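See structure below.
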Amino acid sequence: MKKAAIIEDNLPVIHSMGNLIFDPVWSMSNHKSGKCELLHVISGSVYLVMNRRRTLALPGDTLLIPSHTVHRDDFDFRSELKVFMVLFSWNWEKDYFKHVKSHFISRLASAEKEEMGSLIQKFRNDFSGCGDGRDFKMRIRFSEILMRILYLSEEMNNNE
(Lines give C-alpha, C1' and ligand atoms only; values in the text may rest on other atoms or scores of the structure.)
Protein backbone atom coordinates (compact mmCIF):
# COMPACT_ATOMS: atom_id res chain seq x y z
CA MET A 1 0.00 0.00 0.00
CA LYS A 2 2.85 2.40 0.79
CA LYS A 3 4.39 1.93 -2.69
CA ALA A 4 1.08 2.77 -4.36
CA ALA A 5 0.93 6.00 -2.33
CA ILE A 6 4.44 6.94 -3.48
CA ILE A 7 3.49 6.30 -7.10
CA GLU A 8 0.27 8.27 -6.74
CA ASP A 9 2.16 11.21 -5.20
CA ASN A 10 4.27 11.48 -8.36
CA LEU A 11 1.50 11.27 -10.94
CA PRO A 12 0.06 14.40 -12.55
CA VAL A 13 -3.05 15.77 -10.84
CA ILE A 14 -5.93 16.44 -13.24
CA HIS A 15 -7.87 19.53 -12.18
CA SER A 16 -10.33 19.70 -15.06
CA MET A 17 -10.86 18.36 -18.55
CA GLY A 18 -13.38 18.37 -21.30
CA ASN A 19 -14.30 19.55 -24.76
CA LEU A 20 -14.28 23.31 -25.19
CA ILE A 21 -15.25 25.69 -27.93
CA PHE A 22 -12.73 28.48 -27.50
CA ASP A 23 -13.95 31.97 -26.80
CA PRO A 24 -12.34 34.75 -28.89
CA VAL A 25 -10.98 36.35 -25.69
CA TRP A 26 -8.20 33.69 -25.65
CA SER A 27 -7.11 34.89 -29.08
CA MET A 28 -7.21 38.61 -28.42
CA SER A 29 -4.89 38.88 -25.46
CA ASN A 30 -2.05 37.13 -23.73
CA HIS A 31 -2.96 35.08 -20.68
CA LYS A 32 -1.55 32.43 -18.37
CA SER A 33 -2.85 29.70 -16.14
CA GLY A 34 -1.62 28.46 -12.80
CA LYS A 35 -1.95 24.94 -14.23
CA CYS A 36 -0.32 23.14 -17.14
CA GLU A 37 -2.53 22.79 -20.22
CA LEU A 38 -2.83 19.99 -22.73
CA LEU A 39 -4.84 21.01 -25.80
CA HIS A 40 -5.87 18.43 -28.37
CA VAL A 41 -7.45 20.09 -31.41
CA ILE A 42 -10.72 18.45 -32.46
CA SER A 43 -11.80 20.95 -35.14
CA GLY A 44 -10.54 24.26 -36.43
CA SER A 45 -6.97 25.45 -36.25
CA VAL A 46 -4.98 27.55 -33.83
CA TYR A 47 -1.59 29.21 -33.60
CA LEU A 48 -0.13 28.88 -30.13
CA VAL A 49 1.81 32.09 -29.60
CA MET A 50 4.32 31.59 -26.81
CA ASN A 51 7.95 32.51 -26.14
CA ARG A 52 8.22 34.46 -29.42
CA ARG A 53 7.14 31.40 -31.40
CA ARG A 54 3.94 30.68 -33.37
CA THR A 55 3.07 27.01 -33.59
CA LEU A 56 0.23 25.92 -35.86
CA ALA A 57 -2.02 23.15 -34.56
CA LEU A 58 -4.56 21.45 -36.82
CA PRO A 59 -7.19 18.81 -36.01
CA GLY A 60 -5.46 15.87 -34.38
CA ASP A 61 -2.54 17.94 -33.09
CA THR A 62 -1.72 18.21 -29.39
CA LEU A 63 -0.13 21.17 -27.63
CA LEU A 64 1.36 21.47 -24.14
CA ILE A 65 1.66 24.69 -22.17
CA PRO A 66 3.61 24.83 -18.90
CA SER A 67 1.95 26.51 -15.92
CA HIS A 68 2.38 30.27 -15.49
CA THR A 69 3.44 30.64 -19.13
CA VAL A 70 2.18 33.71 -20.94
CA HIS A 71 0.63 32.68 -24.24
CA ARG A 72 -2.15 33.41 -26.72
CA ASP A 73 -4.36 30.99 -28.67
CA ASP A 74 -4.59 32.79 -32.02
CA PHE A 75 -7.46 31.52 -34.16
CA ASP A 76 -9.98 32.78 -36.71
CA PHE A 77 -13.18 33.86 -34.91
CA ARG A 78 -15.28 33.03 -37.97
CA SER A 79 -14.46 29.34 -37.67
CA GLU A 80 -15.08 27.37 -34.52
CA LEU A 81 -12.07 26.09 -32.57
CA LYS A 82 -12.98 22.98 -30.59
CA VAL A 83 -10.39 21.34 -28.34
CA PHE A 84 -10.17 18.65 -25.71
CA MET A 85 -8.39 20.39 -22.84
CA VAL A 86 -6.79 19.02 -19.69
CA LEU A 87 -5.66 21.35 -16.90
CA PHE A 88 -3.16 19.60 -14.66
CA SER A 89 -0.37 20.12 -12.17
CA TRP A 90 2.59 17.88 -11.62
CA ASN A 91 5.53 17.75 -9.23
CA TRP A 92 7.78 16.84 -12.18
CA GLU A 93 6.65 19.71 -14.43
CA LYS A 94 9.96 21.64 -14.48
CA ASP A 95 12.01 18.55 -15.28
CA TYR A 96 9.50 17.41 -17.90
CA PHE A 97 9.45 20.71 -19.78
CA LYS A 98 13.25 20.79 -19.88
CA HIS A 99 12.92 17.87 -22.30
CA VAL A 100 9.61 18.60 -23.99
CA LYS A 101 9.05 21.86 -25.82
CA SER A 102 5.51 22.91 -26.58
CA HIS A 103 6.15 23.32 -30.29
CA PHE A 104 7.69 19.89 -30.94
CA ILE A 105 4.31 18.30 -31.71
CA SER A 106 4.03 20.31 -34.93
CA ARG A 107 7.09 18.47 -36.26
CA LEU A 108 5.74 14.95 -35.68
CA ALA A 109 5.09 12.63 -38.60
CA SER A 110 1.43 11.90 -39.35
CA ALA A 111 1.68 8.34 -37.97
CA GLU A 112 3.00 9.70 -34.65
CA LYS A 113 0.23 12.33 -34.53
CA GLU A 114 -2.34 9.56 -35.13
CA GLU A 115 -0.81 7.54 -32.31
CA MET A 116 -1.09 10.54 -29.96
CA GLY A 117 -4.68 11.04 -31.08
CA SER A 118 -5.47 7.40 -30.31
CA LEU A 119 -3.97 7.66 -26.82
CA ILE A 120 -5.97 10.80 -26.12
CA GLN A 121 -9.16 9.23 -27.48
CA LYS A 122 -8.62 6.18 -25.25
CA PHE A 123 -8.13 8.54 -22.29
CA ARG A 124 -11.37 10.38 -23.15
CA ASN A 125 -13.26 7.08 -23.49
CA ASP A 126 -11.92 5.82 -20.15
CA PHE A 127 -13.01 9.05 -18.50
CA SER A 128 -16.62 8.28 -19.33
CA GLY A 129 -16.41 4.99 -17.40
CA CYS A 130 -17.24 4.62 -13.74
CA GLY A 131 -15.88 2.64 -10.86
CA ASP A 132 -13.66 2.63 -7.82
CA GLY A 133 -10.18 4.03 -8.24
CA ARG A 134 -11.19 6.03 -11.31
CA ASP A 135 -9.10 9.07 -10.37
CA PHE A 136 -5.96 6.98 -9.90
CA LYS A 137 -6.54 5.15 -13.20
CA MET A 138 -7.13 8.41 -15.05
CA ARG A 139 -3.89 9.84 -13.67
CA ILE A 140 -2.04 6.72 -14.84
CA ARG A 141 -3.62 6.94 -18.31
CA PHE A 142 -2.78 10.64 -18.52
CA SER A 143 0.81 9.87 -17.48
CA GLU A 144 0.96 7.45 -20.40
CA ILE A 145 0.15 10.34 -22.76
CA LEU A 146 2.78 12.58 -21.20
CA MET A 147 5.40 9.83 -21.30
CA ARG A 148 4.65 9.12 -24.96
CA ILE A 149 5.13 12.80 -25.73
CA LEU A 150 8.43 12.71 -23.81
CA TYR A 151 9.56 9.63 -25.74
CA LEU A 152 8.72 11.19 -29.11
CA SER A 153 10.42 14.43 -28.11
CA GLU A 154 13.60 12.58 -27.08
CA GLU A 155 13.56 10.59 -30.33
CA MET A 156 13.27 13.80 -32.31
CA ASN A 157 16.11 15.45 -30.36
CA ASN A 158 18.38 12.43 -30.91
CA ASN A 159 17.73 12.51 -34.67
CA GLU A 160 18.61 16.19 -35.08
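Chain labels A, B, ... are given in the sequence in which chains occur in the C-alpha coordinates; within each chain residues are numbered consecutively from 1, and ligands are likewise numbered from 1 in the order shown.
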(message) Can you tell me which residues surround range 101-118 of chain A at a distance of at most 7 Å, considering only C-alpha atoms, apart from same-chain residues fewer than 2 positions away, and format the answer as an MDAnalysis selection string?
(response) chainID A and resid 55:57 60:65 97 99 120:122 153
(request) Can you pull out every residue within 12 Å of range 18-24 of chain A, counting only C-alpha atoms, but drop anything in the same chain fewer than 3 positions away, and send it as a PyMOL selection string? (result) chain A and resi 14-15+27-30+37-46+72-87+120-121+123-125+127-128
(message) Residues of chain A classed as alpha helix (DSSP H) by DSSP on the backbone are to be reported as a ChimeraX atom specification.
(response) /A:2-9,25-28,93-99,110-127,134-158
(request) Using DSSP on the backbone coordinates, identify the residues of chain A assigned to strand (DSSP E or B); present them as a VMD selection string. (result) chain A and resid 13 to 21 31 36 to 43 46 to 50 53 to 57 62 to 65 71 to 74 82 to 89
